[in-house]
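In what follows, a single structure is set out as structure tokens and then discussed.
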Amino acid sequence: MIRIRDFNVRYRSGKTENHVVRGIDLTVAQGECVGIVGESGCGKSTLLRCLVGLESGWTGNIEIDGQSLGAVRGKDDLRRAQMVFQDPFGSLHPRHRIGRALSEPLRCMGLPGSPQRVAAALKEVGLPASFAHRFPHQLSGGQRQRVAIARALIIEPPILLLDEPTSALDVSVQAEILNLLSDRRDERGLTYLLVSHDLAVVAHMCDRILVMQNGVFVEELTPDNIRLAKATHPYAQHLMDVSLLSDAL
Amino acid sequence: MDTTLSIRDLSVRFAQGSVRAVDGVSFSVSSGKIGIVGESGSGKSTLGRAIMRLLPPSASISADCMTFGEHDLLRASEKDMRKLRGSVMALIMQDPRYSLNPVLPIGRQVAETAILHKGMSRKEAGEAAAAMLERVRIRDVTRVMQSYPHQISGGMGQRVMIAAMLLARPRLVIADEPTSALDVSVRGEVLELLDDLVCADGSSLLLISHDIRMVAAFCDRIIVMYQGRIVEEVTQLRDASHPYTRALIAAMPDPRHPVRRLAVPDRAKLERG
């Protein structure tokens, strides 16, 4: 579904160059959920932003669904992958009603954006249709993140790129959002690429987990590895040790 | 000197509202690490600020008793509170990006406590600040002291705030989400630092957090708050018996007990009691 080869991201300003992502390869199969963990600045969000076309300045080869992607994305490219951002307070336009936020992607893709379609999208993420008339500030953090997920799903992409989708939320709300994401994935056979700093979340959601450090993947883990807190790379082991997963609950 | 914080039946209300952000909270702390956990809106931060008397004027605080040692925190004048804050009790805030003064160099901000509360000269305070920054393991101290908050990383900013707050050796430190702006790998270091600096000299630490797992691993006692009330106090999470605490624990993904769907707390049922 996603095939990335020899992928590099460099940011230049004057003479200094920051090599953010350093020659990574990644393959994600149809219907798979792959997690990427690592600390701030390791390049995990940059990778997602490049995939969805928000960043330029990358080199290498990205293929989604067998189609090679360039720096400029057409409608068809954008319909293949949509993104959910970390901050539900920053990712919705404060002066657009929810109905407009949801119909905009449809309009951009040249699809019919009827109120019924918006109502169905809201229902799919467990919100009442009447929310279409609300503004983002009238919603709680969890409700906003549901809207963000509905906005990503409304053009029916086969791939969802999730950048820390629950790290701004309380644990009980996080549980609701993660359940929602699992349900939608089961229903539609979606492919997820989930970036998080929370090992417990990726172990719960993902089939495989890639540990990223300084722009490269240093290890690939399975949820079982995390359960046993066993890794071979020292950095991956360090992440597990500091995640306090072994504490007696 | 007696350094017991004791609170009986503390309530906080905002403006004319009838909702109590903190509702009849009682507890006391004489030493050690006490964690206060709860979700957003549970009143945990309001509680921390009420103890420091840092709530906005629209808040009305009522309590049977709120004392720290011989100081009556309910009746102390603003002038007395200014003497207490920073010297015998300190509040470490959540986000260094918002809590540090953006137009003052780091060194001056850290030294301020020493000038105000220890009566040191500028030069002595600067030296004390440098020593403290070294203790919080800031590497290039001279450079950092001359830097402005936007020039240092979040983890460093958090350590700077800890250094500034602990410089006057307060007897009670309230840390409100001191690690939530930090990476997991730095979080451990910051907690260790707090442990070293606060508990080593017999002061007490009130750690306010939404992260129940972290609090459980770090604190001696855990106070769980929900809707402004203390629902229970435990020493270990496995002893938790209140349905809200149980629901919170069940909602956390746990790699050792994989489940297909996470358990979501039934709020309607919890609210009915």
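Convention: chains lettered A, B, ... in structure tokens order; per-chain residue numbering from 1; ligands numbered from 1 as shown.
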As a compact mmCIF listing (two decimals) with all heavy atoms, in the first residue's frame, could you give me every residue of chain B near chain A (at most 6 Å apart, counting only C-alpha atoms)?
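selection.txt, written as the output of this step:
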# COMPACT_ATOMS: atom_id res chain seq x y z
N GLU B 39 -8.58 13.65 35.56
CA GLU B 39 -8.62 14.06 34.17
C GLU B 39 -8.83 15.57 34.10
O GLU B 39 -8.98 16.23 35.13
CB GLU B 39 -9.76 13.33 33.47
CG GLU B 39 -9.52 11.84 33.46
CD GLU B 39 -10.48 11.13 32.55
OE1 GLU B 39 -11.66 11.01 32.88
OE2 GLU B 39 -10.04 10.71 31.48
N ASP B 183 9.48 14.92 26.46
CA ASP B 183 9.58 13.58 25.90
C ASP B 183 9.67 12.54 27.00
O ASP B 183 10.20 12.82 28.07
CB ASP B 183 10.86 13.49 25.08
CG ASP B 183 10.58 13.73 23.63
OD1 ASP B 183 9.50 13.32 23.18
OD2 ASP B 183 11.43 14.31 22.95
N LEU B 237 -1.75 1.39 43.05
CA LEU B 237 -2.92 1.37 42.16
C LEU B 237 -3.70 0.08 42.28
O LEU B 237 -4.91 0.06 42.10
CB LEU B 237 -2.48 1.56 40.71
CG LEU B 237 -2.27 2.99 40.25
CD1 LEU B 237 -2.09 3.01 38.76
CD2 LEU B 237 -3.45 3.86 40.64
N ARG B 238 -2.99 -1.01 42.59
CA ARG B 238 -3.75 -2.27 42.61
C ARG B 238 -4.71 -2.33 43.79
O ARG B 238 -5.62 -3.17 43.80
CB ARG B 238 -2.82 -3.48 42.54
CG ARG B 238 -1.91 -3.71 43.70
CD ARG B 238 -1.25 -5.06 43.55
NE ARG B 238 0.04 -4.97 42.87
CZ ARG B 238 1.21 -4.81 43.49
NH1 ARG B 238 1.25 -4.74 44.81
NH2 ARG B 238 2.33 -4.74 42.83
N ALA B 251 -9.11 1.97 31.16
CA ALA B 251 -9.11 2.69 29.88
C ALA B 251 -7.71 2.84 29.30
O ALA B 251 -7.55 3.21 28.15
CB ALA B 251 -9.75 4.07 30.06
N PRO B 253 -4.34 1.67 27.66
CA PRO B 253 -3.82 0.49 26.97
C PRO B 253 -2.65 -0.08 27.75
O PRO B 253 -1.83 0.67 28.26
CB PRO B 253 -3.36 1.03 25.61
CG PRO B 253 -3.42 2.50 25.68
CD PRO B 253 -4.12 2.92 26.93
N ASP B 254 -2.62 -1.41 27.90
CA ASP B 254 -1.55 -2.04 28.64
C ASP B 254 -0.97 -3.18 27.80
O ASP B 254 -1.66 -4.16 27.53
CB ASP B 254 -2.11 -2.58 29.97
CG ASP B 254 -1.02 -3.16 30.84
OD1 ASP B 254 0.12 -3.34 30.34
OD2 ASP B 254 -1.29 -3.45 32.01
N PRO B 255 0.29 -3.03 27.36
CA PRO B 255 0.87 -4.05 26.48
C PRO B 255 0.89 -5.44 27.10
O PRO B 255 0.90 -6.43 26.38
CB PRO B 255 2.30 -3.56 26.27
CG PRO B 255 2.31 -2.14 26.67
CD PRO B 255 1.22 -1.95 27.66
N ARG B 256 0.86 -5.51 28.43
CA ARG B 256 0.93 -6.84 29.05
C ARG B 256 -0.41 -7.55 29.05
O ARG B 256 -0.49 -8.74 29.24
CB ARG B 256 1.46 -6.72 30.48
CG ARG B 256 2.97 -6.47 30.53
CD ARG B 256 3.37 -6.00 31.88
NE ARG B 256 2.61 -4.82 32.23
CZ ARG B 256 2.14 -4.57 33.44
NH1 ARG B 256 2.36 -5.41 34.41
NH2 ARG B 256 1.47 -3.46 33.67
N ARG B 261 -10.67 -4.12 22.23
CA ARG B 261 -11.22 -2.77 22.44
C ARG B 261 -10.91 -2.35 23.87
O ARG B 261 -10.95 -3.17 24.78
CB ARG B 261 -12.74 -2.78 22.22
CG ARG B 261 -13.16 -2.84 20.77
CD ARG B 261 -14.67 -2.91 20.70
NE ARG B 261 -15.27 -1.70 21.26
CZ ARG B 261 -15.54 -0.62 20.55
NH1 ARG B 261 -15.29 -0.59 19.27
NH2 ARG B 261 -16.09 0.43 21.11
N LEU B 262 -10.66 -1.07 24.05
CA LEU B 262 -10.40 -0.57 25.40
C LEU B 262 -11.73 -0.33 26.11
O LEU B 262 -12.73 -0.02 25.48
CB LEU B 262 -9.62 0.74 25.31
CG LEU B 262 -8.22 0.61 24.71
CD1 LEU B 262 -7.71 1.97 24.30
CD2 LEU B 262 -7.28 -0.02 25.71
Exercise for the section: Find the spatial neighbours of A:Lys44, counting only C-alpha atoms, within a cut-off of 7 Å - ignore same-chain residues fewer than 4 positions away - and output them as a PyMOL selection string. Expected result: chain A and resi 36+48+195
Fill in the blank from the handout: atom CA of A:Tyr192 to atom CA of A:Cys42 measures 19.8 Å
Exercise for the section: Could you give me, as number ranges by chain, each residue of stretch 37-201 of chain A that DSSP assigns to helix (DSSP H, G or I) when run on this structure's backbone? Expected result: A: 44-52, 75-80, 98-108, 115-124, 129-133, 136-138, 141-153, 171-188, 199-201
Practice task
Go through A:Gln86, A:Ser13, A:Thr191, A:Thr59 and flag the residue nearest A:Cys206, using only C-alpha atoms for the distances.
Solution key: A:Thr191
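The space separating atom CA of B:Thr235 from atom CA of B:Cys219 comes to 8.2 Å.
The residue set within 12 Å of A:Ser114, counting only C-alpha atoms and dropping same-chain residues fewer than 2 places from it, reads A:Gly99, A:Arg100, A:Leu102, A:Ser103, A:Glu104, A:Leu106, A:Arg107, A:Leu111, A:Pro112, A:Gln116, A:Arg117, A:Val118, A:Ala119, A:Ala120, A:Ala121, A:Ala132, A:Ile154.
Each of A:Gly110, A:Gly189, A:Gly31, A:Pro94 was compared to A:Phe135 using only C-alpha atoms, and A:Pro94 turns out to be the nearest.
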Residues near A:Thr46, cut-off 12 Å, only C-alpha atoms, skip fewer than 2 positions along chain, as a JSON list (two decimals) with N, CA, C and O atoms, in the first residue's frame:
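File produced: selection-v8.json:
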[["chain", "number", "residue", "atom", "x", "y", "z"],
["A", 7, "PHE", "N", 14.54, 7.38, 1.33],
["A", 7, "PHE", "CA", 13.84, 8.64, 1.56],
["A", 7, "PHE", "C", 14.66, 9.56, 2.46],
["A", 7, "PHE", "O", 15.08, 9.18, 3.54],
["A", 8, "ASN", "N", 14.90, 10.76, 1.98],
["A", 8, "ASN", "CA", 15.69, 11.75, 2.73],
["A", 8, "ASN", "C", 14.96, 13.08, 2.81],
["A", 8, "ASN", "O", 14.32, 13.48, 1.84],
["A", 9, "VAL", "N", 15.07, 13.75, 3.95],
["A", 9, "VAL", "CA", 14.57, 15.12, 4.06],
["A", 9, "VAL", "C", 15.70, 15.98, 4.60],
["A", 9, "VAL", "O", 16.31, 15.64, 5.62],
["A", 10, "ARG", "N", 15.99, 17.06, 3.85],
["A", 10, "ARG", "CA", 17.03, 18.00, 4.31],
["A", 10, "ARG", "C", 16.42, 19.38, 4.33],
["A", 10, "ARG", "O", 15.76, 19.78, 3.39],
["A", 11, "TYR", "N", 16.64, 20.09, 5.43],
["A", 11, "TYR", "CA", 16.25, 21.50, 5.46],
["A", 11, "TYR", "C", 17.52, 22.32, 5.42],
["A", 11, "TYR", "O", 18.45, 22.07, 6.18],
["A", 19, "HIS", "N", 19.80, 17.51, 8.26],
["A", 19, "HIS", "CA", 19.39, 16.26, 7.60],
["A", 19, "HIS", "C", 18.40, 15.55, 8.54],
["A", 19, "HIS", "O", 18.81, 14.86, 9.46],
["A", 20, "VAL", "N", 17.10, 15.76, 8.31],
["A", 20, "VAL", "CA", 16.09, 15.31, 9.28],
["A", 20, "VAL", "C", 15.78, 13.82, 9.15],
["A", 20, "VAL", "O", 15.81, 13.08, 10.13],
["A", 21, "VAL", "N", 15.47, 13.40, 7.94],
["A", 21, "VAL", "CA", 15.20, 11.98, 7.71],
["A", 21, "VAL", "C", 16.32, 11.45, 6.83],
["A", 21, "VAL", "O", 16.63, 12.03, 5.78],
["A", 22, "ARG", "N", 16.96, 10.36, 7.27],
["A", 22, "ARG", "CA", 18.20, 9.93, 6.62],
["A", 22, "ARG", "C", 18.06, 8.57, 5.94],
["A", 22, "ARG", "O", 18.34, 7.54, 6.52],
["A", 36, "ILE", "N", 5.07, 4.33, 14.51],
["A", 36, "ILE", "CA", 6.42, 4.89, 14.55],
["A", 36, "ILE", "C", 6.57, 5.62, 15.89],
["A", 36, "ILE", "O", 5.75, 6.48, 16.22],
["A", 40, "SER", "N", 10.95, 13.79, 20.32],
["A", 40, "SER", "CA", 10.76, 14.96, 19.46],
["A", 40, "SER", "C", 12.00, 15.24, 18.64],
["A", 40, "SER", "O", 13.11, 15.09, 19.13],
["A", 41, "GLY", "N", 11.76, 15.60, 17.40],
["A", 41, "GLY", "CA", 12.88, 15.95, 16.54],
["A", 41, "GLY", "C", 13.51, 14.77, 15.83],
["A", 41, "GLY", "O", 14.49, 14.93, 15.13],
["A", 42, "CYS", "N", 12.94, 13.54, 16.00],
["A", 42, "CYS", "CA", 13.57, 12.40, 15.34],
["A", 42, "CYS", "C", 13.15, 12.28, 13.89],
["A", 42, "CYS", "O", 13.70, 11.50, 13.14],
["A", 43, "GLY", "N", 12.15, 13.07, 13.48],
["A", 43, "GLY", "CA", 11.74, 13.06, 12.08],
["A", 43, "GLY", "C", 10.47, 12.30, 11.79],
["A", 43, "GLY", "O", 10.07, 12.17, 10.65],
["A", 44, "LYS", "N", 9.78, 11.80, 12.86],
["A", 44, "LYS", "CA", 8.61, 10.97, 12.62],
["A", 44, "LYS", "C", 7.44, 11.75, 12.03],
["A", 44, "LYS", "O", 6.78, 11.29, 11.10],
["A", 48, "LEU", "N", 5.45, 11.79, 8.00],
["A", 48, "LEU", "CA", 4.02, 11.79, 7.69],
["A", 48, "LEU", "C", 3.65, 13.00, 6.85],
["A", 48, "LEU", "O", 2.87, 12.90, 5.90],
["A", 49, "ARG", "N", 4.20, 14.15, 7.21],
["A", 49, "ARG", "CA", 3.86, 15.38, 6.48],
["A", 49, "ARG", "C", 4.33, 15.31, 5.03],
["A", 49, "ARG", "O", 3.67, 15.83, 4.15],
["A", 50, "CYS", "N", 5.46, 14.65, 4.78],
["A", 50, "CYS", "CA", 5.91, 14.47, 3.41],
["A", 50, "CYS", "C", 4.98, 13.54, 2.65],
["A", 50, "CYS", "O", 4.65, 13.76, 1.49],
["A", 51, "LEU", "N", 4.53, 12.47, 3.34],
["A", 51, "LEU", "CA", 3.64, 11.50, 2.70],
["A", 51, "LEU", "C", 2.37, 12.17, 2.22],
["A", 51, "LEU", "O", 1.84, 11.86, 1.16],
["A", 52, "VAL", "N", 1.84, 13.10, 3.04],
["A", 52, "VAL", "CA", 0.55, 13.69, 2.71],
["A", 52, "VAL", "C", 0.75, 14.94, 1.82],
["A", 52, "VAL", "O", -0.21, 15.49, 1.30],
["A", 53, "GLY", "N", 2.01, 15.32, 1.61],
["A", 53, "GLY", "CA", 2.27, 16.42, 0.68],
["A", 53, "GLY", "C", 2.36, 17.79, 1.31],
["A", 53, "GLY", "O", 2.22, 18.80, 0.64],
["A", 54, "LEU", "N", 2.57, 17.84, 2.62],
["A", 54, "LEU", "CA", 2.66, 19.14, 3.29],
["A", 54, "LEU", "C", 4.07, 19.71, 3.31],
["A", 54, "LEU", "O", 4.26, 20.86, 3.65],
["A", 55, "GLU", "N", 5.06, 18.86, 3.02],
["A", 55, "GLU", "CA", 6.44, 19.34, 3.05],
["A", 55, "GLU", "C", 7.05, 19.11, 1.68],
["A", 55, "GLU", "O", 6.76, 18.12, 1.01],
["A", 56, "SER", "N", 7.92, 20.01, 1.28],
["A", 56, "SER", "CA", 8.71, 19.74, 0.09],
["A", 56, "SER", "C", 10.14, 19.54, 0.56],
["A", 56, "SER", "O", 10.42, 19.54, 1.76],
["A", 57, "GLY", "N", 11.06, 19.40, -0.35],
["A", 57, "GLY", "CA", 12.45, 19.27, 0.05],
["A", 57, "GLY", "C", 12.84, 17.86, 0.41],
["A", 57, "GLY", "O", 13.87, 17.63, 1.02],
["A", 58, "TRP", "N", 12.01, 16.89, 0.02],
["A", 58, "TRP", "CA", 12.42, 15.50, 0.26],
["A", 58, "TRP", "C", 12.94, 14.91, -1.04],
["A", 58, "TRP", "O", 12.60, 15.36, -2.12],
["A", 161, "LEU", "N", -3.16, 8.73, 7.95],
["A", 161, "LEU", "CA", -1.89, 9.03, 8.61],
["A", 161, "LEU", "C", -2.23, 9.73, 9.92],
["A", 161, "LEU", "O", -2.88, 10.77, 9.92],
["A", 163, "ASP", "N", -1.01, 11.47, 13.31],
["A", 163, "ASP", "CA", 0.13, 12.07, 13.99],
["A", 163, "ASP", "C", -0.26, 12.38, 15.44],
["A", 163, "ASP", "O", -0.92, 13.37, 15.70],
["A", 195, "VAL", "N", 1.87, 7.69, 14.31],
["A", 195, "VAL", "CA", 3.04, 8.23, 14.98],
["A", 195, "VAL", "C", 2.66, 8.56, 16.41],
["A", 195, "VAL", "O", 1.61, 9.17, 16.65],
["A", 212, "MET", "N", 12.29, 5.10, 15.83],
["A", 212, "MET", "CA", 13.05, 6.05, 15.02],
["A", 212, "MET", "C", 13.95, 6.88, 15.92],
["A", 212, "MET", "O", 13.55, 7.31, 16.99],
["A", 214, "ASN", "N", 17.08, 9.95, 15.38],
["A", 214, "ASN", "CA", 17.90, 10.79, 14.49],
["A", 214, "ASN", "C", 17.65, 10.52, 13.01],
["A", 214, "ASN", "O", 18.59, 10.43, 12.23],
["A", 215, "GLY", "N", 16.37, 10.37, 12.65],
["A", 215, "GLY", "CA", 16.05, 10.26, 11.24],
["A", 215, "GLY", "C", 16.18, 8.89, 10.62],
["A", 215, "GLY", "O", 16.01, 8.75, 9.41]]
Handout entry: Nearby residues (only C-alpha atoms) at most 7 Å from B:Ser26, same-chain spacing under 5 positions excluded, as JSON, numbers by chain
Key = {"B": [7, 8, 9, 10]}
Atoms kept (all heavy atoms) for selection, written as a PDB file, in the first residue's frame:
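out.pdb written:
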ATOM      1  N   ILE B   7      -5.317  20.521  55.041  1.00  0.00           N
ATOM      2  CA  ILE B   7      -6.473  21.135  54.383  1.00  0.00           C
ATOM      3  C   ILE B   7      -7.724  20.393  54.819  1.00  0.00           C
ATOM      4  O   ILE B   7      -7.748  19.159  54.812  1.00  0.00           O
ATOM      5  CB  ILE B   7      -6.307  21.021  52.850  1.00  0.00           C
ATOM      6  CG1 ILE B   7      -5.117  21.854  52.387  1.00  0.00           C
ATOM      7  CG2 ILE B   7      -7.568  21.460  52.131  1.00  0.00           C
ATOM      8  CD1 ILE B   7      -4.812  21.708  50.931  1.00  0.00           C
ATOM      9  N   ARG B   8      -8.732  21.163  55.268  1.00  0.00           N
ATOM     10  CA  ARG B   8      -9.986  20.517  55.639  1.00  0.00           C
ATOM     11  C   ARG B   8     -11.148  21.195  54.927  1.00  0.00           C
ATOM     12  O   ARG B   8     -11.309  22.404  55.020  1.00  0.00           O
ATOM     13  CB  ARG B   8     -10.165  20.556  57.155  1.00  0.00           C
ATOM     14  CG  ARG B   8     -10.866  19.313  57.668  1.00  0.00           C
ATOM     15  CD  ARG B   8     -10.750  19.097  59.170  1.00  0.00           C
ATOM     16  NE  ARG B   8     -11.017  20.297  59.928  1.00  0.00           N
ATOM     17  CZ  ARG B   8     -10.168  20.809  60.813  1.00  0.00           C
ATOM     18  NH1 ARG B   8      -9.011  20.227  61.036  1.00  0.00           N
ATOM     19  NH2 ARG B   8     -10.479  21.898  61.470  1.00  0.00           N
ATOM     20  N   ASP B   9     -11.885  20.414  54.183  1.00  0.00           N
ATOM     21  CA  ASP B   9     -13.111  20.863  53.544  1.00  0.00           C
ATOM     22  C   ASP B   9     -12.905  22.116  52.674  1.00  0.00           C
ATOM     23  O   ASP B   9     -13.606  23.109  52.825  1.00  0.00           O
ATOM     24  CB  ASP B   9     -14.180  21.137  54.613  1.00  0.00           C
ATOM     25  CG  ASP B   9     -15.583  21.052  54.006  1.00  0.00           C
ATOM     26  OD1 ASP B   9     -15.692  20.528  52.888  1.00  0.00           O
ATOM     27  OD2 ASP B   9     -16.527  21.524  54.647  1.00  0.00           O
ATOM     28  N   LEU B  10     -11.962  22.029  51.762  1.00  0.00           N
ATOM     29  CA  LEU B  10     -11.669  23.156  50.866  1.00  0.00           C
ATOM     30  C   LEU B  10     -12.604  23.124  49.656  1.00  0.00           C
ATOM     31  O   LEU B  10     -12.770  22.080  49.021  1.00  0.00           O
ATOM     32  CB  LEU B  10     -10.211  23.077  50.386  1.00  0.00           C
ATOM     33  CG  LEU B  10      -9.795  24.053  49.285  1.00  0.00           C
ATOM     34  CD1 LEU B  10      -9.690  25.473  49.826  1.00  0.00           C
ATOM     35  CD2 LEU B  10      -8.473  23.643  48.659  1.00  0.00           C
TER      36      LEU B  10
END
